[in-house]
Structure formats: C-alpha cells, structure tokens
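Participant: Provided herewith is a single structure, encoded as structure tokens, for subsequent inquiry.
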Protein chains: 2
Amino acid sequence: MSLLLRPKLSCLAWLRDYDRDTLTSDLVAAAIVTIMLIPQSLAYALLAGVPAEMGLYATMLPLVTYALLGTSRTLSVGPVAVISLMTATAVGDVVATTGADYVTATIALALLSGLILVAMGLLRFGFLVNFLSHPVVAGFITASAIIIALGQFRHLLGVDAGGDTVLELGSSLAGALSGTNTTTLSLGLLALGLLLLARRMKSLLRGWGLAPRLADLVCKASPVLVVLLTTALAWRFSLQDAGVALVGAVPQGLPVLRFPALMPELWWELADSALLIAIIGYVESVSVGKTLAAKRRQRIDPDQELIGLGAANVTSALSGGIPVTGGFSRSVVNFDAGAVTPAASLLAAAGMALAALLLTPLLYFLPKATLAAVIIVAVIGLVDFSHLKRAWYYSRGDFAAIATTLVVTLTAGVEIGVMCGVLASLALHLYETSRPHMAVVGEVPGTEHFRNVERHHVITHPGIVSLRVDESLYFANASYIEEAIYALVARDPELRHVVLMCPAVNAIDLSALEVLEEVNQRLQEAGICLHLSEVKGPVMDCLQKTDFISRLNGEVFLSQHQAIARLCNGRLPQPKTLLSAV
Amino acid sequence: MSLLLRPKLSCLAWLRDYDRDTLTSDLVAAAIVTIMLIPQSLAYALLAGVPAEMGLYATMLPLVTYALLGTSRTLSVGPVAVISLMTATAVGDVVATTGADYVTATIALALLSGLILVAMGLLRFGFLVNFLSHPVVAGFITASAIIIALGQFRHLLGVDAGGDTVLELGSSLAGALSGTNTTTLSLGLLALGLLLLARRMKSLLRGWGLAPRLADLVCKASPVLVVLLTTALAWRFSLQDAGVALVGAVPQGLPVLRFPALMPELWWELADSALLIAIIGYVESVSVGKTLAAKRRQRIDPDQELIGLGAANVTSALSGGIPVTGGFSRSVVNFDAGAVTPAASLLAAAGMALAALLLTPLLYFLPKATLAAVIIVAVIGLVDFSHLKRAWYYSRGDFAAIATTLVVTLTAGVEIGVMCGVLASLALHLYETSRPHMAVVGEVPGTEHFRNVERHHVITHPGIVSLRVDESLYFANASYIEEAIYALVARDPELRHVVLMCPAVNAIDLSALEVLEEVNQRLQEAGICLHLSEVKGPVMDCLQKTDFISRLNGEVFLSQHQAIARLCNGRLPQPKTLLSAV
C-alpha cells in the first residue's frame, strides 16, 4: 500500500454496463429526488443564513462530481440540515470577528472543508473519523435537530430573533413573541400542518385506492405542493404588505464558475470550523452510504469517499454554493425510488439546472415561513432519544458520551458540543484503560484453560498466584498495576511465584517496561519469582530488544498451562482448592 | 473506599519511636541540606524572577508542613529549578497581559497550585498524573534544564537578555553579546569553574587522605563556599562599581504570614499554569519519593502526597514564598546523609530560619553571576539524552513522545511543551489501539493453546477461521476490525465458521456492539456462523444486557479449544494443515 491514495474515477465501474432499464429506474429516482431537492436546497440555504440561490447552486456540480468520483451508488449529495446549521454558526462567528461578508465566508467554508476532505483522502487520514464515536454522533444529531427546529420558529412567527444555543434561542424568542406577525404565523402553521399531514397520508391515500407508488410520490412531493400553494397565496393576496417575509428575487439561470479569492486570513479563521464540518459531514455521509451499500451487497471505499465528498464541496464552492454532504433522508428516498447507479444523481442535477433556469421567478413570492416549516418537518425525525436509553442500560461510559454531547451542544453550540463529545468519549476510554480489570485466575478442571477465581470453579496452587491483567500495559495504568501486584504480594506471605498472564496485554510501552523492571527488582528482593505467560508475538518482539527478559527473575511461558505445570515441578498439578464460583 | 480522602497527620507514625540516635542522624542530614538550600533557594528565586528572600521563605514553613503531612520520610521539599522556570514563564505572561506585579502573581501561583493539589488529593484525582508518561517527563526535564542553563548566561555575561525558548534566548544573547561585562564574566567563570571542580574533588580529596564523609561534606558545601568567596570579592573590591549585578538588600528576619488578597481575575489567568506546575511538581516529587522509599522498603501514599505537597505550597504562599516541590538532588543528598525521618526537614527549616535571621546582611554583596553558576551546575546533571536513545530502540511511539516534548519545549516554551507531550503520547496510544494487531490462530499441537499461524507451528481446520483481535473493541477501531473480518471472509469462499477469539477484548462499547451486530447480520446472510470464544466475565456481563447473544448466529464458547472441538463435531480435531512458522 502506497502512502498516498491514487484517486480513481469510480464511475468507470458502472458506466460500462449501463442500459435502458437502468436508465428508467434512475430517471424515476432522479425525478423524485429533484422534487425533494427544490424546497430543501432553498430551505437549507435559509438555515445557513445565505441567499436562496446558494442552496440551488449546491445541487448541481456537487452531484455531478460525486457521481464521477464517489463510491456509493445511491448516495444523494447536497445541502443537509446539520451541515447548514454548522455553516451558519461558523460563518456568523467569523463575520462578527473579521467583518467578512456572509456569502464570501460561506463559499470559503465549502472550499476549505472540501480541500480538507481531499487532503485527508490523499494522505489516507480517513481513520481520523473513527474517533467520532456513534454515541457522540447520535447525541450531536439529536441536539442539532432541536436547535435547528427551535431556530426556525422565528420565521414561523415572523419575528427577529436568533442564537446558537437553546438558551439563546429560547430567551430571544420569548422576548420577541409580542411582535408575532399573525399572517406569517397562520401561513407557517398552514404549511406545517399540511406537511405533517402528508407524512401520515401515505396509508390514507392507499386506503382510498391510490396505487402505492403514486401515494408515495404524492407524499414526497408534498413539500413542493406546499411551496406552490403558499407561494400562490402570497402572490394572490400580496402578503408581503401584511409583513410576511418572502424569499424575494433569486437570480435566474445557472451558477457561474468562479474561483474564490485568496483570503488567507479568512481561511485561517474558518479552518477549525471547516475541519469539523468536513468530519461531521463525512461521518454522516459514510454511515448512510455503508448502510445502503450493505443492502445491495455493495461496498464503499472510505478513502475514495473522502475524495468524492471533498471534490463535491470544492465544486460547490466554485459554483457559489454552500457546503454539502450525503444526506440521510434524500439518499434513502433515492434508494427506495429505485436508483441503481449514480446516473440518478446526474439526472437530478440536470433537473435542478432546469429548475434554476425556469422556476426561479416563481420563488420571489415564496414565504420564508414555508421554508421554515419544511426544515422543521425534515429535522424532527432526527430527534431520537432511544440511543440515550440504550446506552444507559449498556454502559455508563457510552451514556456519559451521548449526554455530554447532547447537553453541551444544546447549551453551548454545535462546535463546542461535538468537540466536547469527542474529548469526553476519548477521556472516558482512557480513564477506563487507566484502571484496568485484573483477575486472579485458576485452571478450569479438565481443561488447560484459566479463568477468574471469582467467577469460575477453578484449581489454584499454594505459593503461586496467577494474575491476568486485562489491558495493555502503558503509562496511564502502569502505576495502578504496580500497586495491584504489591497488594497481592502483601496479602500472602507464603507466595513464591507470581505469574503475569498476558493474553490481553497487546503492548508494553517504555513507562510500563520501567515499572515491570522495578516490580521484578522488588519481587526478587522479597524472594519471589516474577513469570510471564502467553506473551504475544509483537510484545515479545519489543521486550527482546531490551535486557528485560535476561534480567527477569522468573521465566516466560508460552501458555499459562505450561507455566503452572512447570512451577508444580513438572508433575501434573494436584488440586489444592476448588473455589466456588460467585 | 469513600469518595473523599480523609487526610491524616503522617508525622504521628514516626514521632512515636523517635529517639536520640535518630535525632543525631537527622541532624547531620539537616545540616548538609541547609548548606545546599541557602544558595539554591536564592538562585531559584532569581530563576523565578522574584526577590531573593522569596526563595528563602519557601524553605521554612513548606518543609514543616510537608514533614507533618507528607508520607515520604526523606523527601526534601523546597524551591526546585524546573518549577521555578515554569513559574517565571507563567508569571511573565500574566504580568504582561494583566499588569499585575511579579511578587503578587508568584505568590498567587504558589497558592493556586497548592490548592489544586489539595483538591486533587481530597477528590482522589491523583490518577490524573498517570497520564503524564515517563518519556514525556524525561523529555521535559532535559529540555527545561537546557532552557534554564541557557537563560543563566545573561547573568554570567552581565547583559540584559531573555526569552522563554532556546530560539528567543539564543538570538537575544547573541544580540547582547557585545555588551558583555568582563568583570561579571570573570567572576561568573570563576564560580562556575570552582563548582565544576568541586564535583570532581570528592575522589581527589579522598586521595589526599580526607575521611570520605568529610570529603563528601566539602563537596556539598562547595556552593556555599563559592558564595562566600565571591561575595567577599564583590565587597572587598566594590565590584558593583565595575557593573557587577549584586543581589542587593534582602530583608532580615522571618517571613510574615499574610493571606494573599483575593484576586479572582489574576487567579483565573494563572489557573492553567498553576495546574501544570501542580502536576509536574507532583510527578517529579512522587517519583523521587517512590525511589527513595523503595530503597528502605517503605511506601508512600500517592493521594496523601497530594495533600502534603499541596499544603506545602499553600504555606509557601502564606509566607510569601515561591512554588515548591520535592526536588531530586536535595532529596538524594538528604537520604544519603542519613536522614531517617522528616524531622531532618524540620531541622533544615530551623537552619534556614537561622540563616534568614543572621546571614541576610551578608547577601547584599552576593553577585548574581554566582547564583547563575550555582543554577547551571545544578541543572546540567538533568540533561539526559539516554532516554531518547533507549526509546528509539524500544518503540517508535515512545521515541516520538520524548522527541515531541523535547523539541516543542525547547522551541515553544515549557507550558506548550508539556501539553504537546501529553497530547502526543495520548494520541499515539489511541492511534495504536485504533489499528489493533489481529492474528489468525491455530492450535499448538499437543496443547489446548492457540497461537498466531504466522509465528507458530499450529493446526487449523478447513471451513473454520479463528481470529484473535488484540485490543478492546471500541469506537476508534470498530470499523477497522469490521473491514478485517470482511476481508478474511472474502478470501475463503469455503468458510463456514468465524470464531472471534476474545482473550484480549477487555471491553466492547456501544459503537463496537453495533458493528458486531452488523457483522453478525452480514455473515448470516452469507451463510457463515459467527462465534465468540474466551469472552471475559465483565464483557459478557455487558453483552448479556442486550439481545446480542440471543441474535448471535453462532455460539459463545468458554475456551477456544472447546470452540474448535465442538465445531469439528465433537471429535478430536484432525489436523489438516501444519503451517510452518515464519
């Protein structure tokens, strides 16, 4: 394996066998995804705090780029709620400190996170995302969805309020409540009600005899229908005169390719946010991609995915769009609608281009409250506390990681939230490995297998204690293990042999080696032999580079059974105690 | 074990059996330590950037406090080079940003680090220091010693120069070189020469027939003799008129107890430096204390040590002194000189009180160049690159941790250096556990023991593969292990059973459990059974809280031997392949 990844055109794999049947399937999926993408791309641009067209621009070239370079066949790339929220937060901060403008900063953010992803792919740094644990992602998504939904209430109410955390949003909304625009609120509630109704309509429509496929399509098109309805109302009754905020003029036509100006200072300010957005976007995208690929016995290549997603973000920036990633809901829709190859995404991009060319004049009268309703309905499905409950029963460490991420994200914002989550999960893992489980073991009768004396009926021998340390020996636990051995020795004045059983010792670092040397010395002075058993190959390789083995007061045995057999003078061991299992 | 530590008066343990012989031993040690402490305490105050008397004040009450509360019998607490350097850096930064004065900030730093240590002791947070690995400490001490020595050249040269890193110090010294005061330099070189000579004189004096004990005493007293000589020269020849910097007026008498003013803002600014100083000081002190205690088969109590050292720093602050800890060189001298109990420290404190009452007028003419020479000679012994060499041969991870700490401390300063060191060692550990070693195993003939097929002659069976994962399964390695299992399955189309041998799996977190569920599902679809063997008690306890075991496509076996015996239809396994060891 070379150090650098050689990116490939993934599309070559599926283009070869492309035929008319596949095209038909892809075309149907593309149509449905396009219908979803129109309102969502506008809404997520609103969420990101930038003009609506930037959402549209993020749905053309990025889809084409990912279709050519990505390895998931059914992933639908584009604007996504959580990433748009993170964009709004990051850009808001940078605009406040540097005085840059929103649009420039948002495009720079897309470019940077794209470049970071490509660099991670080329350098094979994809492993970094593994440090973002499932509990942290789950807590983060739920908290972000709550913040997003709460943040949209200002558009529903037609008031001026804002904030990055639930506290800020809550107090800001409460203060602005008296200024509620009733027309806006009525329109927003109408949109929200219709969208929520549409979610439950699928079975209803089927009940009325509609073909399942058609019923499904009606439900998926419901956001577009709601957009059309509320736009028509706003136009017909000149609702802007009643104070209803509209999307306003959206430039007609396709995006113009333009390389963002070099702004090293702005880029530097955005770098950490870009990294977070890159990682969160990648993790979300890959997990969706993996799930869908598994259903059709396909595979995705995590390193090549970095290239595909990174290039998609770079082209989004070049065409003046917002950061993108593979979204969960649209990808599932794409998959369920029968998309077979990334050609579905190419066709959806073409659909969006048509929309940009033809439909933009209609968007002038689109009420922002409608887009807020689309966002709210899209994210409420992401709020999921079942992870929290499951983690509570499974392990307190996982629970703590979810709870930390959830609470910090809600109360201190998305960037601090995800960082605290990652740090908390790593700290908990390190804490647990710093106080490892240790077990005194004995032989399970009739076998050569050794288990914990407190859990199993096992045979032990006087004068010999076998201690199994259930962790690699490293700096954070070396002293703890040292103390445990001394405590064991202090308990039994008859002790002559300590066997350290090492099947779970996957590494011994220099700090731990120094502690072992010290223990060996101390035990020797006390007339006790220190033996090792079941030392693994890689660990033994390391130890043999030092003089530790030659200075070891006892022996190194291949297996624990051999150790006990030898220490009992080569005779078959005579059972002394048969401890009862707890 | 209660959550909070109940601090105790450790002195009760040794006061009971105190007798005249012990007193004599302690008295001799106290006299020698006092003779060392006088120049060192002045020099380390100079190093910390505060008036000389603050060094003296740190050698009375702190020694008494530690003698009453500490658990090491021979540790000599007081000003120490590395901690004084860290104090200078931290206080310098805070003075520059907040405009506080040096003395107030230094006292606040001693108070804060003392309170932090006491709090860590009471809350049993002592385990935190385990995350500071030996390689990091070794690299840090060596780098600090180089910075300290280089920083003293300005006093030797009599020029105005400064800086926190070798680069700053080097360029600042180079620029100031032309202003060298030759009188100061001559005096400094004289002091340095005499001190270095004294180090080699022990054997010389013995050669001349001096009693070994006396020869030793002369060597240890050499700094005091050099202080006396150069002070006399400065006084006799009015060297201040030639531009030689002197210590100047030092207030005569004992320190006045005074509670530092409440300055929350200053404290907040100093908090992170105080934490670092507390941890570094504690680690240095405990490692000295442990080494000395082990030589006399004594033990120290790490949690109580936090209380003892913390209280020593608090009393140093109350008496207007600088931060203190247990120093390596003085403690070894104290031990070698025959100190039996902490009474030696009480007597040394009394000696220092006498010195403060009687000798301070003499200090007026003490040249700063002499103190610089004392510091340089004290720290050159700390420069030790053997750790680096040892780590290079032992493991690249440990080497990287030392090298990072060393290089960053030298080039970016002590605080960033130690933090980068800790982060680098943790990151390397996490990185290694994120790509764990895995081995396909087979049975060692004639035993029930299973080892790596690539290292041992072992028996394997067609259709069954046994994979030993050498790490706990957690979020950072779950995907990596998943990919490895799929790769293994893809290699062998005849495969029917995958046995995951888990003796090294010390925990399975929620992320890994989800991956295992996915693997189980995928293997089931491919007609392959997933089995587990040698799952440890604590891990099994966790798994049994979920429905994973019931949904597992295969079985959980107590031992790998049982797994293979059962999967081969209960008959004794017939060897198929006898792989040759690599």
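Every chain in the structure tokens has a letter given in the order shown (A, B, ...), and although residue numbers restart at 1 in each chain, ligands are simply numbered from 1 in the order shown.
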With only C-alpha atoms as the counted atoms, please give the residues lying no more than 8 Å from B:Asn452, apart from itself and same-chain residues fewer than 6 positions off, as a list in words.
Facilitator: Ala439, Val440, Val441, Gly442 and Val458 of chain B
Participant: Quick check for you: according to DSSP on this backbone, which residues of stretch 97-220 of chain A are classed as alpha helix (DSSP H)? Reply as a ChimeraX atom specification.
Facilitator: /A:97-98,102-122,134-157,166-176,182-207,212-220
Participant: As a PyMOL selection string, which residues of stretch 237-430 of chain A does DSSP assign to strand (DSSP E or B)?
Facilitator: chain A and resi 246+325-326+367
Participant: Store the residues picked out above in a file with C-alpha atoms, as an mmCIF file, in the first residue's frame.
Facilitator:
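For reference, selection_32.cif as written:
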```cif
data_model
loop_
_atom_site.group_PDB
_atom_site.id
_atom_site.type_symbol
_atom_site.label_atom_id
_atom_site.label_comp_id
_atom_site.auth_asym_id
_atom_site.auth_seq_id
_atom_site.Cartn_x
_atom_site.Cartn_y
_atom_site.Cartn_z
ATOM 1 C CA LEU A 246 -40.617 36.388 1.237
ATOM 2 C CA THR A 325 -22.653 16.104 2.138
ATOM 3 C CA GLY A 326 -24.556 12.866 1.627
ATOM 4 C CA PRO A 367 -42.752 32.838 2.081
#
```
Participant: Excluding same-chain residues fewer than 6 positions from B:Asp470, what lies within 9 Å of it counting only C-alpha atoms, as a PyMOL selection string?
Facilitator: (chain A and resi 503-506) or (chain B and resi 433+436-439+502-505)
Participant: Take atom CA of B:Tyr394 and atom CA of B:Glu432 and report the distance between them in Å, one decimal.
Facilitator: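 That distance, rounded to one decimal, is 15.3 Å.
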Participant: Contacts of stretch 113-115 of chain A at 10 Å or less, counting only C-alpha atoms, minus same-chain residues fewer than 4 places along, as a PDB file with C-alpha atoms, in the first residue's frame?
Facilitator:
```
ATOM      1  CA  ALA A 108     -14.724  29.840   1.574  1.00  0.00           C
ATOM      2  CA  LEU A 109     -16.024  27.371   4.154  1.00  0.00           C
ATOM      3  CA  ALA A 119      -6.260  16.067   1.624  1.00  0.00           C
ATOM      4  CA  MET A 120      -7.431  13.536   4.209  1.00  0.00           C
ATOM      5  CA  GLY A 121      -8.242  11.148   1.387  1.00  0.00           C
ATOM      6  CA  LEU A 270     -12.533  29.313   9.270  1.00  0.00           C
ATOM      7  CA  ALA A 271     -10.058  26.418   9.372  1.00  0.00           C
ATOM      8  CA  ASP A 272     -11.234  24.711  12.562  1.00  0.00           C
ATOM      9  CA  SER A 273     -14.903  25.042  11.630  1.00  0.00           C
ATOM     10  CA  ALA A 274     -14.105  23.682   8.170  1.00  0.00           C
ATOM     11  CA  LEU A 275     -12.394  20.671   9.728  1.00  0.00           C
ATOM     12  CA  LEU A 276     -15.398  19.977  11.969  1.00  0.00           C
ATOM     13  CA  ILE A 277     -17.840  20.360   9.082  1.00  0.00           C
ATOM     14  CA  ALA A 278     -15.675  18.104   6.917  1.00  0.00           C
ATOM     15  CA  ILE A 279     -15.540  15.378   9.574  1.00  0.00           C
ATOM     16  CA  GLY A 281     -20.324  15.641   7.009  1.00  0.00           C
ATOM     17  CA  LEU A 306     -13.156  11.405   1.148  1.00  0.00           C
ATOM     18  CA  ILE A 307     -12.051  12.357  -2.359  1.00  0.00           C
ATOM     19  CA  GLY A 308     -15.586  12.206  -3.738  1.00  0.00           C
ATOM     20  CA  LEU A 309     -17.167  14.285  -0.977  1.00  0.00           C
ATOM     21  CA  GLY A 310     -14.235  16.679  -0.858  1.00  0.00           C
ATOM     22  CA  ALA A 311     -14.396  17.300  -4.607  1.00  0.00           C
ATOM     23  CA  ALA A 312     -18.172  17.811  -4.313  1.00  0.00           C
ATOM     24  CA  ASN A 313     -17.598  20.562  -1.751  1.00  0.00           C
ATOM     25  CA  VAL A 314     -14.864  22.159  -3.823  1.00  0.00           C
ATOM     26  CA  THR A 315     -17.157  22.307  -6.872  1.00  0.00           C
ATOM     27  CA  SER A 316     -19.963  23.628  -4.690  1.00  0.00           C
ATOM     28  CA  ALA A 317     -17.625  26.475  -3.683  1.00  0.00           C
ATOM     29  CA  PRO A 323     -21.181  23.045   1.992  1.00  0.00           C
ATOM     30  CA  VAL A 324     -22.712  19.700   1.039  1.00  0.00           C
TER      31      VAL A 324
END
```
Participant: Report as a PDB file with C-alpha atoms, in the first residue's frame all protein, DNA and RNA residues lying within 9 Å of B:Arg199, evaluated on only C-alpha atoms, omitting residues in the same chain fewer than 4 positions from it.
Facilitator:
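Done, and the output landed in result-v8.pdb:
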```
ATOM      1  CA  LEU B 194      35.114  26.146  41.211  1.00  0.00           C
ATOM      2  CA  LEU B 195      31.724  24.459  41.321  1.00  0.00           C
ATOM      3  CA  CYS B 219      31.875  18.916  48.013  1.00  0.00           C
ATOM      4  CA  LYS B 220      28.312  19.537  49.117  1.00  0.00           C
ATOM      5  CA  SER B 222      31.132  23.973  47.755  1.00  0.00           C
TER       6      SER B 222
END
```
Participant: Suppose you want the space between atom CA of B:Thr370 and atom CA of B:Ile141; what is it in Å?
Facilitator: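 So the two atoms, atom CA of B:Thr370 and atom CA of B:Ile141, lie 23.0 Å apart.
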Participant: What's the separation between atom CA of A:Glu265 and atom CA of A:Val94, in Å to one decimal place?
Facilitator: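 Rounded to one decimal, the two atoms are 10.5 Å apart.
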Participant: Just want the 7 Å neighbourhood of A:Ala58, counted on only C-alpha atoms, with same-chain residues fewer than 2 positions away dropped. Output as an NGL selection string.
Facilitator: :A and (54-56 or 60-62 or 78-79 or 316 or 321-322 or 324)
Participant: For the residues selected in the previous step, produce a file with C-alpha atoms as a JSON list (two decimals), in the first residue's frame.
Facilitator:
```json
[["chain", "number", "residue", "atom", "x", "y", "z"],
["A", 54, "MET", "CA", -26.71, 29.33, -2.99],
["A", 55, "GLY", "CA", -28.74, 26.30, -1.96],
["A", 56, "LEU", "CA", -29.72, 25.67, -5.59],
["A", 60, "MET", "CA", -25.76, 20.76, -9.50],
["A", 61, "LEU", "CA", -21.99, 20.45, -9.85],
["A", 62, "PRO", "CA", -21.53, 18.72, -6.45],
["A", 78, "GLY", "CA", -26.37, 18.11, -1.46],
["A", 79, "PRO", "CA", -27.26, 20.62, 1.24],
["A", 316, "SER", "CA", -19.96, 23.63, -4.69],
["A", 321, "GLY", "CA", -22.86, 27.02, -3.27],
["A", 322, "ILE", "CA", -22.97, 26.04, 0.39],
["A", 324, "VAL", "CA", -22.71, 19.70, 1.04]]
```
Participant: Neighbours of A:Leu532 within 12 Å (only C-alpha atoms; same-chain residues fewer than 2 positions away dropped), as a PyMOL selection string?
Facilitator: chain A and resi 465-469+497-503+505+516+520+529-530+534-536+539-540+543+548-549+552-564
Participant: Could you write those residues out with N, CA and C atoms, as a compact mmCIF listing (two decimals), in the first residue's frame?
Facilitator:
```txt
# COMPACT_ATOMS: atom_id res chain seq x y z
N VAL A 465 0.58 -17.40 42.49
CA VAL A 465 -0.60 -16.63 42.13
C VAL A 465 -0.47 -16.22 40.67
N SER A 466 -1.55 -16.43 39.93
CA SER A 466 -1.55 -16.05 38.51
C SER A 466 -2.48 -14.87 38.34
N LEU A 467 -1.93 -13.77 37.84
CA LEU A 467 -2.71 -12.55 37.70
C LEU A 467 -2.86 -12.23 36.22
N ARG A 468 -4.09 -12.13 35.78
CA ARG A 468 -4.34 -11.74 34.39
C ARG A 468 -4.69 -10.25 34.37
N VAL A 469 -3.89 -9.47 33.67
CA VAL A 469 -4.17 -8.04 33.55
C VAL A 469 -4.92 -7.83 32.24
N HIS A 497 5.76 -17.50 43.72
CA HIS A 497 5.72 -17.27 42.27
C HIS A 497 4.54 -16.37 41.90
N VAL A 498 4.85 -15.33 41.16
CA VAL A 498 3.78 -14.51 40.58
C VAL A 498 3.85 -14.71 39.06
N VAL A 499 2.75 -15.20 38.48
CA VAL A 499 2.70 -15.36 37.02
C VAL A 499 1.80 -14.27 36.46
N LEU A 500 2.38 -13.43 35.64
CA LEU A 500 1.59 -12.38 34.99
C LEU A 500 1.11 -12.96 33.66
N MET A 501 -0.20 -13.23 33.58
CA MET A 501 -0.76 -13.86 32.39
C MET A 501 -1.16 -12.74 31.42
N CYS A 502 -0.57 -12.78 30.23
CA CYS A 502 -0.61 -11.61 29.34
C CYS A 502 -1.42 -11.75 28.05
N PRO A 503 -2.47 -12.59 27.99
CA PRO A 503 -3.17 -12.68 26.71
C PRO A 503 -3.84 -11.37 26.31
N VAL A 505 -2.52 -8.40 27.07
CA VAL A 505 -1.52 -7.33 27.03
C VAL A 505 -1.05 -7.20 25.58
N LEU A 516 7.75 -2.58 35.18
CA LEU A 516 7.96 -4.03 35.28
C LEU A 516 9.36 -4.33 35.81
N ASN A 520 10.03 -6.42 39.11
CA ASN A 520 10.92 -7.57 39.07
C ASN A 520 11.98 -7.45 40.17
N CYS A 529 9.56 -15.07 42.57
CA CYS A 529 9.86 -15.07 41.14
C CYS A 529 8.71 -14.42 40.37
N LEU A 530 9.07 -13.58 39.40
CA LEU A 530 8.07 -13.00 38.51
C LEU A 530 8.15 -13.72 37.16
N GLU A 534 1.91 -16.46 28.10
CA GLU A 534 1.07 -16.08 26.96
C GLU A 534 1.38 -14.66 26.46
N VAL A 535 2.67 -14.32 26.44
CA VAL A 535 3.08 -13.03 25.90
C VAL A 535 2.96 -13.11 24.39
N LYS A 536 2.28 -12.16 23.80
CA LYS A 536 2.05 -12.21 22.36
C LYS A 536 3.30 -11.89 21.57
N VAL A 539 4.53 -8.21 21.32
CA VAL A 539 5.01 -7.70 22.62
C VAL A 539 6.38 -8.31 22.92
N MET A 540 6.50 -9.62 22.64
CA MET A 540 7.77 -10.32 22.89
C MET A 540 8.86 -9.71 22.00
N LEU A 543 10.04 -6.67 23.84
CA LEU A 543 10.79 -6.96 25.06
C LEU A 543 12.18 -7.49 24.73
N PHE A 548 15.35 -6.89 29.46
CA PHE A 548 14.36 -7.23 30.49
C PHE A 548 14.23 -8.74 30.68
N ILE A 549 14.14 -9.47 29.55
CA ILE A 549 13.94 -10.92 29.64
C ILE A 549 15.13 -11.57 30.37
N LEU A 552 14.90 -10.90 33.97
CA LEU A 552 13.67 -11.37 34.63
C LEU A 552 14.04 -12.49 35.59
N ASN A 553 13.52 -12.34 36.76
CA ASN A 553 13.74 -13.20 37.90
C ASN A 553 13.10 -14.58 37.69
N GLY A 554 12.10 -14.66 36.81
CA GLY A 554 11.45 -15.94 36.53
C GLY A 554 11.55 -16.28 35.05
N GLU A 555 10.52 -16.93 34.51
CA GLU A 555 10.57 -17.37 33.11
C GLU A 555 9.41 -16.79 32.30
N VAL A 556 9.53 -16.95 30.98
CA VAL A 556 8.42 -16.59 30.10
C VAL A 556 7.86 -17.89 29.52
N PHE A 557 6.59 -18.17 29.77
CA PHE A 557 5.98 -19.41 29.31
C PHE A 557 5.06 -19.16 28.12
N LEU A 558 5.04 -20.13 27.20
CA LEU A 558 4.18 -19.99 26.03
C LEU A 558 2.72 -19.91 26.46
N SER A 559 2.33 -20.82 27.38
CA SER A 559 0.94 -20.82 27.82
C SER A 559 0.89 -20.84 29.35
N GLN A 560 -0.22 -20.39 29.87
CA GLN A 560 -0.43 -20.39 31.32
C GLN A 560 -0.41 -21.82 31.85
N HIS A 561 -0.94 -22.76 31.08
CA HIS A 561 -0.96 -24.15 31.49
C HIS A 561 0.47 -24.67 31.67
N GLN A 562 1.33 -24.37 30.71
CA GLN A 562 2.74 -24.77 30.83
C GLN A 562 3.39 -24.14 32.05
N ALA A 563 3.05 -22.89 32.31
CA ALA A 563 3.65 -22.20 33.45
C ALA A 563 3.32 -22.94 34.74
N ILE A 564 2.04 -23.26 34.92
CA ILE A 564 1.63 -23.91 36.16
C ILE A 564 2.21 -25.32 36.24
```
